[in-house]
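This is coords_21.cif. It holds mmCIF, C-alpha atoms and all ligand atoms.
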data_work
#
loop_
_atom_site.label_atom_id
_atom_site.label_comp_id
_atom_site.auth_asym_id
_atom_site.auth_seq_id
_atom_site.Cartn_x
_atom_site.Cartn_y
_atom_site.Cartn_z
CA MET A 13 0.00 0.00 0.00
CA ALA A 14 2.89 2.34 0.80
CA ARG A 15 4.40 1.58 -2.61
CA ALA A 16 1.06 2.38 -4.30
CA LEU A 17 0.92 5.79 -2.61
CA ILE A 18 4.55 6.54 -3.46
CA ALA A 19 3.95 5.56 -7.11
CA GLY A 20 0.81 7.72 -7.23
CA LEU A 21 2.55 10.76 -5.79
CA CYS A 22 5.62 10.42 -8.04
CA ASN A 23 3.49 9.90 -11.15
CA HIS A 24 1.62 13.10 -10.27
CA GLY A 25 4.79 15.17 -10.15
CA PHE A 26 5.36 15.26 -6.38
CA PRO A 27 9.14 15.66 -5.80
CA ALA A 28 10.37 12.17 -4.83
CA GLN A 29 13.30 13.53 -2.80
CA GLN A 30 10.76 15.04 -0.37
CA ILE A 31 9.35 11.57 0.44
CA GLN A 32 10.95 9.64 3.31
CA VAL A 33 10.36 5.90 3.67
CA HIS A 34 10.83 4.60 7.22
CA ALA A 35 10.76 0.78 7.26
CA PRO A 36 12.70 -1.97 9.04
CA HIS A 37 14.14 -3.91 6.08
CA PRO A 38 16.86 -1.88 4.29
CA GLN A 39 16.70 -3.98 1.12
CA ARG A 40 12.96 -3.28 0.69
CA ARG A 41 13.10 0.46 1.35
CA ASP A 42 16.29 0.75 -0.72
CA ALA A 43 14.40 -0.89 -3.60
CA LEU A 44 11.79 1.89 -3.31
CA ALA A 45 14.56 4.48 -3.22
CA ALA A 46 16.10 2.99 -6.38
CA GLU A 47 12.73 2.79 -8.16
CA PHE A 48 11.35 6.23 -7.29
CA GLY A 49 14.24 8.34 -5.90
CA VAL A 50 12.67 8.62 -2.41
CA GLN A 51 14.81 8.72 0.76
CA SER A 52 15.34 5.38 2.51
CA LEU A 53 15.47 5.64 6.32
CA ALA A 54 15.43 3.22 9.26
CA ALA A 55 12.21 2.68 11.20
CA GLU A 56 13.70 4.22 14.36
CA PRO A 57 12.09 7.48 15.49
CA CYS A 58 13.90 10.63 14.33
CA PRO A 59 12.90 14.31 13.97
CA LEU A 60 10.36 14.86 11.16
CA PRO A 61 10.06 17.89 8.85
CA PRO A 62 7.63 20.47 10.30
CA GLU A 63 3.97 19.94 9.28
CA ALA A 64 4.92 16.80 7.35
CA ILE A 65 2.26 14.39 6.13
CA VAL A 66 2.94 10.99 7.69
CA VAL A 67 1.25 7.88 6.28
CA TYR A 68 0.89 4.92 8.60
CA ALA A 69 1.03 1.89 6.25
CA ALA A 70 2.28 -0.89 8.54
CA LYS A 71 -0.05 -3.63 9.81
CA PRO A 72 -2.93 -2.65 12.12
CA LYS A 73 -1.66 -4.87 14.95
CA GLN A 74 1.74 -3.07 14.95
CA MET A 75 0.12 0.32 15.42
CA ARG A 76 0.38 0.60 19.20
CA ALA A 77 4.11 -0.17 19.22
CA ILE A 78 4.96 2.02 16.21
CA LEU A 79 2.87 5.08 17.07
CA THR A 80 3.88 4.99 20.73
CA ALA A 81 7.53 5.00 19.66
CA TRP A 82 6.97 7.91 17.27
CA ALA A 83 4.45 9.90 19.37
CA HIS A 84 6.91 12.60 20.46
CA GLU A 85 8.23 13.24 16.90
CA LEU A 86 4.71 13.30 15.43
CA ARG A 87 3.57 15.88 17.99
CA ALA A 88 6.74 17.99 17.84
CA ALA A 89 6.49 18.36 14.04
CA ARG A 90 2.70 19.02 14.11
CA VAL A 91 2.24 16.42 11.38
CA LEU A 92 -0.90 15.29 9.62
CA LEU A 93 -1.12 11.54 10.26
CA ILE A 94 -2.95 9.52 7.63
CA SER A 95 -3.72 5.91 8.57
CA VAL A 96 -4.52 3.35 5.89
CA ALA A 97 -4.69 0.57 8.52
CA ALA A 98 -7.87 -1.42 7.85
CA GLY A 99 -10.34 -1.47 10.73
CA VAL A 100 -8.43 0.87 13.07
CA ARG A 101 -10.90 3.43 14.35
CA LEU A 102 -10.16 7.08 14.72
CA SER A 103 -10.68 6.84 18.51
CA SER A 104 -7.83 4.28 18.72
CA LEU A 105 -5.56 6.54 16.66
CA GLN A 106 -6.43 9.57 18.75
CA ALA A 107 -5.84 7.65 21.97
CA LEU A 108 -2.38 6.56 20.77
CA VAL A 109 -1.29 10.01 19.54
CA PRO A 110 -3.43 12.67 21.22
CA GLU A 111 -2.98 16.22 19.86
CA VAL A 112 -1.97 14.92 16.43
CA ASP A 113 -4.27 15.64 13.44
CA VAL A 114 -5.46 12.33 12.01
CA VAL A 115 -7.33 11.14 8.90
CA ARG A 116 -8.47 7.58 8.33
CA VAL A 117 -8.31 6.23 4.76
CA MET A 118 -9.58 2.94 3.36
CA PRO A 119 -7.89 2.22 0.01
CA ASN A 120 -8.44 -0.80 -2.27
CA THR A 121 -6.01 -2.87 -4.33
CA PRO A 122 -6.42 -1.10 -7.74
CA THR A 123 -4.74 1.82 -5.94
CA GLN A 124 -1.54 0.02 -7.05
CA ILE A 125 -2.23 0.99 -10.68
CA GLY A 126 -3.68 4.44 -10.03
CA ALA A 127 -7.27 3.16 -10.36
CA GLY A 128 -8.17 2.96 -6.67
CA ALA A 129 -11.45 3.78 -4.95
CA SER A 130 -10.63 5.09 -1.47
CA THR A 131 -12.75 6.52 1.31
CA LEU A 132 -11.62 9.09 3.86
CA TYR A 133 -12.92 10.08 7.26
CA ALA A 134 -11.67 12.84 9.55
CA PRO A 135 -12.98 14.32 12.81
CA ALA A 136 -15.20 17.39 12.34
CA GLU A 137 -12.58 19.67 13.91
CA LEU A 138 -9.92 18.94 11.27
CA ASP A 139 -9.38 22.10 9.22
CA THR A 140 -10.00 22.45 5.48
CA ALA A 141 -6.33 22.84 4.53
CA ARG A 142 -5.44 19.52 6.14
CA ARG A 143 -8.46 17.80 4.59
CA GLN A 144 -7.30 19.06 1.19
CA GLN A 145 -3.78 17.73 1.80
CA ALA A 146 -5.14 14.27 2.61
CA GLU A 147 -7.53 14.33 -0.35
CA LYS A 148 -4.79 15.34 -2.79
CA LEU A 149 -2.55 12.53 -1.62
CA VAL A 150 -5.30 9.91 -1.93
CA GLN A 151 -6.44 11.29 -5.31
CA SER A 152 -2.98 10.53 -6.70
CA THR A 153 -4.03 6.85 -6.53
CA GLY A 154 -7.56 7.18 -7.95
CA LEU A 155 -10.98 8.19 -6.63
CA ALA A 156 -11.14 9.77 -3.14
CA GLU A 157 -14.53 10.03 -1.39
CA TRP A 158 -15.10 11.64 2.02
CA LEU A 159 -17.54 9.84 4.31
CA PRO A 160 -19.91 11.84 6.54
CA ASP A 161 -19.48 9.51 9.54
CA GLU A 162 -17.07 6.79 10.60
CA GLU A 163 -19.75 4.07 10.73
CA SER A 164 -20.04 4.36 6.92
CA MET A 165 -16.44 3.10 6.67
CA ASP A 166 -17.73 -0.47 7.21
CA MET A 167 -20.13 -0.32 4.25
CA ALA A 168 -17.52 1.50 2.13
CA THR A 169 -15.09 -1.30 2.98
CA ALA A 170 -17.73 -3.85 1.98
CA LEU A 171 -18.30 -2.03 -1.33
CA ALA A 172 -14.94 -0.68 -2.51
CA GLY A 173 -12.41 -2.38 -0.21
CA SER A 174 -13.69 -5.90 -0.87
CA GLY A 175 -15.23 -4.96 -4.25
CA PRO A 176 -12.30 -5.93 -6.51
CA ALA A 177 -12.63 -9.55 -5.30
CA TYR A 178 -16.36 -9.57 -6.17
CA VAL A 179 -15.50 -8.32 -9.65
CA PHE A 180 -12.86 -11.05 -10.09
CA LEU A 181 -15.47 -13.64 -9.05
CA PHE A 182 -17.97 -12.14 -11.52
CA LEU A 183 -15.34 -12.34 -14.27
CA GLU A 184 -14.64 -15.98 -13.40
CA ALA A 185 -18.35 -16.81 -13.49
CA LEU A 186 -18.85 -15.09 -16.87
CA GLU A 187 -15.79 -16.80 -18.30
CA ASP A 188 -16.86 -20.26 -17.06
CA ALA A 189 -20.40 -19.82 -18.41
CA ALA A 190 -19.08 -18.70 -21.81
CA VAL A 191 -16.67 -21.66 -21.96
CA ALA A 192 -19.52 -24.04 -21.06
CA GLY A 193 -21.41 -22.44 -23.95
CA GLY A 194 -18.62 -23.17 -26.43
CA LEU A 195 -16.12 -20.24 -26.41
CA TYR A 196 -12.36 -20.75 -26.01
CA ARG A 197 -11.26 -19.89 -22.45
CA ASP A 198 -8.63 -17.27 -23.36
CA GLN A 199 -11.05 -15.54 -25.71
CA ALA A 200 -13.87 -15.68 -23.13
CA ARG A 201 -11.55 -14.09 -20.53
CA ARG A 202 -10.44 -11.28 -22.85
CA LEU A 203 -14.04 -10.57 -23.86
CA ALA A 204 -15.33 -10.60 -20.27
CA ILE A 205 -12.58 -8.23 -19.02
CA ALA A 206 -12.94 -5.83 -21.97
CA THR A 207 -16.74 -5.80 -21.60
CA LEU A 208 -16.58 -5.05 -17.90
CA ARG A 209 -13.96 -2.36 -18.40
CA GLY A 210 -15.80 -0.78 -21.36
CA ALA A 211 -19.15 -0.73 -19.56
CA ALA A 212 -17.58 0.72 -16.40
CA GLU A 213 -15.84 3.47 -18.42
CA LEU A 214 -19.04 4.22 -20.34
CA ALA A 215 -20.95 4.51 -17.04
CA GLN A 216 -18.25 6.79 -15.66
CA GLN A 217 -18.19 9.08 -18.71
CA SER A 218 -21.98 9.23 -19.13
CA ASP A 219 -24.36 11.61 -17.35
CA LEU A 220 -26.98 8.85 -17.32
CA ALA A 221 -27.61 6.55 -14.37
CA PRO A 222 -26.66 2.88 -14.89
CA ALA A 223 -30.37 1.93 -15.04
CA LEU A 224 -30.90 4.27 -18.03
CA LEU A 225 -27.79 3.01 -19.80
CA ARG A 226 -29.16 -0.50 -19.33
CA HIS A 227 -32.54 0.46 -20.80
CA GLN A 228 -30.78 2.00 -23.81
CA VAL A 229 -29.19 -1.32 -24.76
CA THR A 230 -32.23 -3.50 -24.04
CA SER A 231 -34.66 -4.00 -26.91
CA PRO A 232 -37.93 -5.73 -25.98
CA GLY A 233 -37.73 -9.42 -26.84
CA GLY A 234 -33.99 -9.19 -27.63
CA THR A 235 -30.96 -11.09 -26.34
CA THR A 236 -30.07 -8.56 -23.60
CA ALA A 237 -33.64 -8.64 -22.25
CA ALA A 238 -33.48 -12.44 -22.09
CA GLY A 239 -30.14 -12.36 -20.22
CA LEU A 240 -31.21 -9.53 -17.88
CA SER A 241 -34.35 -11.30 -16.74
CA ALA A 242 -32.17 -14.18 -15.49
CA TRP A 243 -29.78 -11.77 -13.71
CA GLU A 244 -32.65 -9.81 -12.13
CA GLU A 245 -33.98 -12.95 -10.41
CA GLY A 246 -30.99 -13.26 -8.11
CA LEU A 247 -28.57 -10.37 -8.38
CA ARG A 248 -30.14 -7.65 -6.22
CA PRO A 249 -30.82 -9.76 -3.09
CA LEU A 250 -27.38 -11.33 -3.53
CA ALA A 251 -25.65 -7.92 -3.69
CA LYS A 252 -27.47 -6.87 -0.51
CA ARG A 253 -26.51 -10.09 1.29
CA ALA A 254 -22.86 -9.86 0.19
CA LEU A 255 -22.40 -6.23 1.24
CA ASP A 256 -24.23 -6.73 4.54
CA ALA A 257 -22.04 -9.76 5.35
CA ALA A 258 -18.80 -7.93 4.50
CA SER A 259 -19.88 -4.81 6.41
CA ARG A 260 -20.79 -6.87 9.49
CA ARG A 261 -17.38 -8.57 9.35
CA SER A 262 -15.67 -5.18 9.06
CA GLN A 263 -17.50 -4.03 12.23
CA GLU A 264 -16.52 -7.22 14.09
CA LEU A 265 -12.85 -6.92 13.07
CA ALA A 266 -12.76 -3.22 14.00
CA ALA A 267 -14.21 -4.04 17.44
CA LEU A 268 -11.59 -6.77 18.00
CA LEU A 269 -8.77 -4.40 16.95
CA ALA A 270 -10.12 -1.65 19.21
CA GLU A 271 -9.85 -4.05 22.16
CA GLU A 272 -6.27 -5.03 21.19
CA LEU A 273 -5.07 -1.48 20.62
N1 LIG B 301 -3.16 -4.37 0.76
C1 LIG B 301 -4.36 -3.84 0.67
O1 LIG B 301 -5.11 -4.05 -0.30
C2 LIG B 301 -4.89 -2.94 1.73
C3 LIG B 301 -6.17 -2.37 1.59
C4 LIG B 301 -6.62 -1.49 2.59
C5 LIG B 301 -5.82 -1.20 3.67
N2 LIG B 301 -4.60 -1.79 3.78
C6 LIG B 301 -3.78 -1.48 4.97
O2 LIG B 301 -2.51 -1.03 4.53
C7 LIG B 301 -1.54 -1.40 5.52
C8 LIG B 301 -0.39 -2.11 4.84
O3 LIG B 301 -0.89 -3.25 4.18
P1 LIG B 301 -0.01 -3.98 3.08
O4 LIG B 301 -0.89 -4.99 2.44
O5 LIG B 301 0.69 -2.96 2.24
O6 LIG B 301 1.07 -4.74 4.04
P2 LIG B 301 2.61 -5.08 3.81
O7 LIG B 301 2.88 -5.31 2.37
O8 LIG B 301 2.96 -6.15 4.80
O9 LIG B 301 3.36 -3.75 4.20
C9 LIG B 301 3.58 -3.39 5.55
C10 LIG B 301 4.74 -2.42 5.56
O10 LIG B 301 4.96 -2.01 6.92
C11 LIG B 301 6.34 -1.86 7.08
N3 LIG B 301 6.71 -1.89 8.51
C12 LIG B 301 6.78 -2.96 9.33
N4 LIG B 301 7.21 -2.57 10.56
C13 LIG B 301 7.43 -1.22 10.49
C14 LIG B 301 7.90 -0.25 11.40
N5 LIG B 301 8.24 -0.57 12.65
N6 LIG B 301 8.00 1.02 10.99
C15 LIG B 301 7.69 1.37 9.72
N7 LIG B 301 7.24 0.48 8.80
C16 LIG B 301 7.12 -0.78 9.17
C17 LIG B 301 6.93 -3.01 6.32
O11 LIG B 301 8.27 -2.71 6.02
P3 LIG B 301 9.29 -3.81 5.41
O12 LIG B 301 8.94 -3.84 3.95
O13 LIG B 301 10.63 -3.23 5.67
O14 LIG B 301 9.01 -5.09 6.14
C18 LIG B 301 6.05 -3.05 5.08
O15 LIG B 301 6.59 -2.24 4.06
C19 LIG B 301 -2.25 -2.27 6.55
O16 LIG B 301 -2.52 -1.50 7.70
C20 LIG B 301 -3.53 -2.68 5.85
O17 LIG B 301 -4.60 -2.85 6.79
C21 LIG B 301 -4.11 -2.63 2.85
#

What would the structure in this file look like if it were written as C-alpha cells?
Amino acid sequence: MARALIAGLCNHGFPAQQIQVHAPHPQRRDALAAEFGVQSLAAEPCPLPPEAIVVYAAKPKQMRAILTAWAHELRAARVLLISVAAGVRLSSLQALVPEVDVVRVMPNTPTQIGAGASTLYAPAELDTARRQQAEKLVQSTGLAEWLPDEESMDMATALAGSGPAYVFLFLEALEDAAVAGGLYRDQARRLAIATLRGAAELAQQSDLAPALLRHQVTSPGGTTAAGLSAWEEGLRPLAKRALDAASRRSQELAALLAEEL
C-alpha cells in the first residue's frame, strides 16, 4: 500500500526527494529508493520535517508499538497523520497520539495501478487545509470520497475495499459460463474483461444513471432482455446479502482491533 501511494505521488509530479520511507528492512526500502528516488530511512524514530504528512502503512496490529515509539516526533512536528490501517478506528488513533491531526483512509487494491477507490474520514474539527492535503494525496491513486461519519467506513469497505474480489469472481463466473457455452477460455476471458472495463468506463463518462444506460441497450424481446431477466432474479438480493455480510465482518474486526489497541 505504501508503494502504491509513493507511485501515485511520483506519477503526479510530487518531488520524490521530499518523500521519506521509514521501514525496518533496508533492502525493501532501498528498492523503493532505487525505483522512485525517495529517501530510505530506518524505522527508528527521528525528527520529522515540520507539518509533514505521515502515512501509517504498517499492519494494524503493529500500530500501538509504532505510534507509541513515534508519538513525540509526530507531535513535535505538528504532522498530519494519515492511517490506511484497515479497521483501526479514529478513537484508537487519537488515543495513541493525542494532539496529532489524524485522517483515516480505506484504500483498495487497484490503488496500485492508479485506479483505486478510497474513502476518507476525519474528525469534524480537522481544518479544510489539512483535509485538502489528505484528499490530494489519496487522489494521486484514484478516486477519493469523504464519508460523513465513521460508521459508513464499514459499508464502504464492503463495497470498494472488498469490491475488486467480487469483480474477479464475476469475471470468473462469466468466463466459465461462456466456456460451457462453447467459447475458447482465453477468448472468453479477454471478452469478459474488456466488456466489464468498457461498460464501467461508459458509465463513468456518461451523465446517465446505470439503469438508463441499461434500458438503452435492451430492446424488448432481444438477447439482452433475455439475459437480464435471469440476472434480475438473483442479483439484487445477492448484492445486498454480500455487502451486509462484509460490512458486518468489518464491524466485528474493527471491534476486535479496538480491544487489542
Ligand atoms: N493491501 C491492501 O489491499 C490494503 C487495503 C486497505 C488497507 N490496507 C492497509 O494497509 C496497511 C499495509 O498493508 P499492506 O498490504 O501494504 O502490508 P505489507 O505489504 O505487509 O506492508 C507493511 C509495511 O509495513 C512496514 N513496517 C513494518 N514494521 C514497520 C515499522 N516498525 N516502521 C515502519 N514500517 C514498518 C513493512 O516494512 P518492510 O517492507 O521493511 O518489512 C512493510 O513495508 C495495513 O494496515 C492494511 O490494513 C491494505

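Here CA of Leu250 (chain A) and CA of Arg226 (chain A) stand 19.2 Å from one another.
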
Could you make a table, as CSV, of the residues of chain A that have an atom within 6 Å of an atom of ligand LIG 301 (chain B), each with its nearest atom pair and distance in Å to one decimal, counting only C-alpha atoms and all ligand atoms, in chain and number order?
residue,atom,partner,partner_atom,distance
A:Met13,CA,B:LIG301,O5,3.8
A:Ala14,CA,B:LIG301,O5,5.9
A:His34,CA,B:LIG301,C15,5.2
A:Ala35,CA,B:LIG301,N7,3.9
A:Pro36,CA,B:LIG301,O13,4.2
A:His37,CA,B:LIG301,O13,3.6
A:Arg40,CA,B:LIG301,O12,5.2
A:Ala55,CA,B:LIG301,N6,4.5
A:Ala69,CA,B:LIG301,C7,4.2
A:Ala70,CA,B:LIG301,O10,3.3
A:Lys71,CA,B:LIG301,O16,3.9
A:Pro72,CA,B:LIG301,O16,4.6
A:Ile78,CA,B:LIG301,N5,5.5
A:Val96,CA,B:LIG301,C6,5.0
A:Ala97,CA,B:LIG301,O16,3.1
A:Ala98,CA,B:LIG301,O17,3.7
A:Met118,CA,B:LIG301,C4,5.4
A:Pro119,CA,B:LIG301,C4,4.7
A:Asn120,CA,B:LIG301,C3,4.7
A:Thr121,CA,B:LIG301,O1,4.3

Would you save the residues from that selection as a PDB file, in the frame of the given file, using C-alpha atoms?
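Once written, result.pdb looks like this:
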ATOM      1  CA  MET A  13       0.000   0.000   0.000  1.00  0.00           C
ATOM      2  CA  ALA A  14       2.890   2.340   0.800  1.00  0.00           C
ATOM      3  CA  HIS A  34      10.830   4.600   7.220  1.00  0.00           C
ATOM      4  CA  ALA A  35      10.760   0.780   7.260  1.00  0.00           C
ATOM      5  CA  PRO A  36      12.700  -1.970   9.040  1.00  0.00           C
ATOM      6  CA  HIS A  37      14.140  -3.910   6.080  1.00  0.00           C
ATOM      7  CA  ARG A  40      12.960  -3.280   0.690  1.00  0.00           C
ATOM      8  CA  ALA A  55      12.210   2.680  11.200  1.00  0.00           C
ATOM      9  CA  ALA A  69       1.030   1.890   6.250  1.00  0.00           C
ATOM     10  CA  ALA A  70       2.280  -0.890   8.540  1.00  0.00           C
ATOM     11  CA  LYS A  71      -0.050  -3.630   9.810  1.00  0.00           C
ATOM     12  CA  PRO A  72      -2.930  -2.650  12.120  1.00  0.00           C
ATOM     13  CA  ILE A  78       4.960   2.020  16.210  1.00  0.00           C
ATOM     14  CA  VAL A  96      -4.520   3.350   5.890  1.00  0.00           C
ATOM     15  CA  ALA A  97      -4.690   0.570   8.520  1.00  0.00           C
ATOM     16  CA  ALA A  98      -7.870  -1.420   7.850  1.00  0.00           C
ATOM     17  CA  MET A 118      -9.580   2.940   3.360  1.00  0.00           C
ATOM     18  CA  PRO A 119      -7.890   2.220   0.010  1.00  0.00           C
ATOM     19  CA  ASN A 120      -8.440  -0.800  -2.270  1.00  0.00           C
ATOM     20  CA  THR A 121      -6.010  -2.870  -4.330  1.00  0.00           C
TER      21      THR A 121
END

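The shortest atom-to-atom distance to Gln29 (chain A), with all atoms listed in the file taken into account, belongs to A:Ala45 out of A:Ala45, A:Ala211, A:Leu183, A:Leu155.
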
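Here the question is which of A:Glu137, A:Gly25, A:Leu225, A:Glu272 gets nearest to Ser104 (chain A) using all atoms listed in the file, and that residue is A:Glu272.
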
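Across A:Lys148, A:Gly99, A:Ala107, A:Ala221, the tightest approach to Gln263 (chain A) is made by A:Gly99 when counting all atoms listed in the file.
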
**Q.** Residue among A:Arg209, A:Val100, A:Glu271, A:Ser259 lying closest to Ser164 (chain A), counting only C-alpha atoms
**A.**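 Residue with the minimum atom-to-atom distance to Ser164 (chain A): A:Ser259.
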
**Q.** Nearest residue to Ala88 (chain A) from the set A:Leu60, A:Ser103, A:Gln124, A:Met75 (distances using only C-alpha atoms)
**A.**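 Nearest candidate to Ala88 (chain A) out of A:Leu60, A:Ser103, A:Gln124, A:Met75: A:Leu60.
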
Give the padded box for region 212-226 of chain A as lines of an AutoDock Vina configuration file: axis-aligned, covering all atoms listed in the file, 6 Å on each side, centre and edge lengths in Å to one decimal.
center_x = -23.4
center_y = 5.6
center_z = -17.4
size_x = 27.1
size_y = 24.1
size_z = 18.0

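CA of Gln145 (chain A) is found 17.3 Å from CA of Ala129 (chain A).
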
Would you list the contacts of Gly175 (chain A) as a compact mmCIF listing (two decimals) with C-alpha atoms, in the frame of the given file, taking every protein, DNA or RNA residue within 12 Å and counting only C-alpha atoms, but skipping same-chain residues closer than 6 positions in sequence?
# COMPACT_ATOMS: atom_id res chain seq x y z
CA PRO A 119 -7.89 2.22 0.01
CA ASN A 120 -8.44 -0.80 -2.27
CA THR A 121 -6.01 -2.87 -4.33
CA PRO A 122 -6.42 -1.10 -7.74
CA GLY A 128 -8.17 2.96 -6.67
CA ALA A 129 -11.45 3.78 -4.95
CA SER A 130 -10.63 5.09 -1.47
CA MET A 167 -20.13 -0.32 4.25
CA ALA A 168 -17.52 1.50 2.13
CA THR A 169 -15.09 -1.30 2.98
CA LEU A 181 -15.47 -13.64 -9.05
CA PHE A 182 -17.97 -12.14 -11.52
CA ALA A 251 -25.65 -7.92 -3.69
CA ALA A 254 -22.86 -9.86 0.19
CA LEU A 255 -22.40 -6.23 1.24
CA ALA A 258 -18.80 -7.93 4.50
CA SER A 259 -19.88 -4.81 6.41

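If all atoms listed in the file are the atoms counted, then among A:Arg15, A:His84, A:Arg260, A:Arg41 the closest residue to Pro59 (chain A) is A:His84.
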
Q | Coordinates-based distance that separates CA of Leu186 (chain A) from CA of Arg201 (chain A) (Å, one decimal) | A |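 About the pair CA of Arg201 (chain A) and CA of Leu186 (chain A): they are 8.2 Å apart.
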
Q: Enumerate, as number ranges by chain, the protein, DNA and RNA residues whose atoms approach (0.1, 9.1, 20.2) to within 9 Å, taking into account all atoms listed in the file and the coordinate frame of the file.
A: A: 76, 79-84, 86-87, 105-112
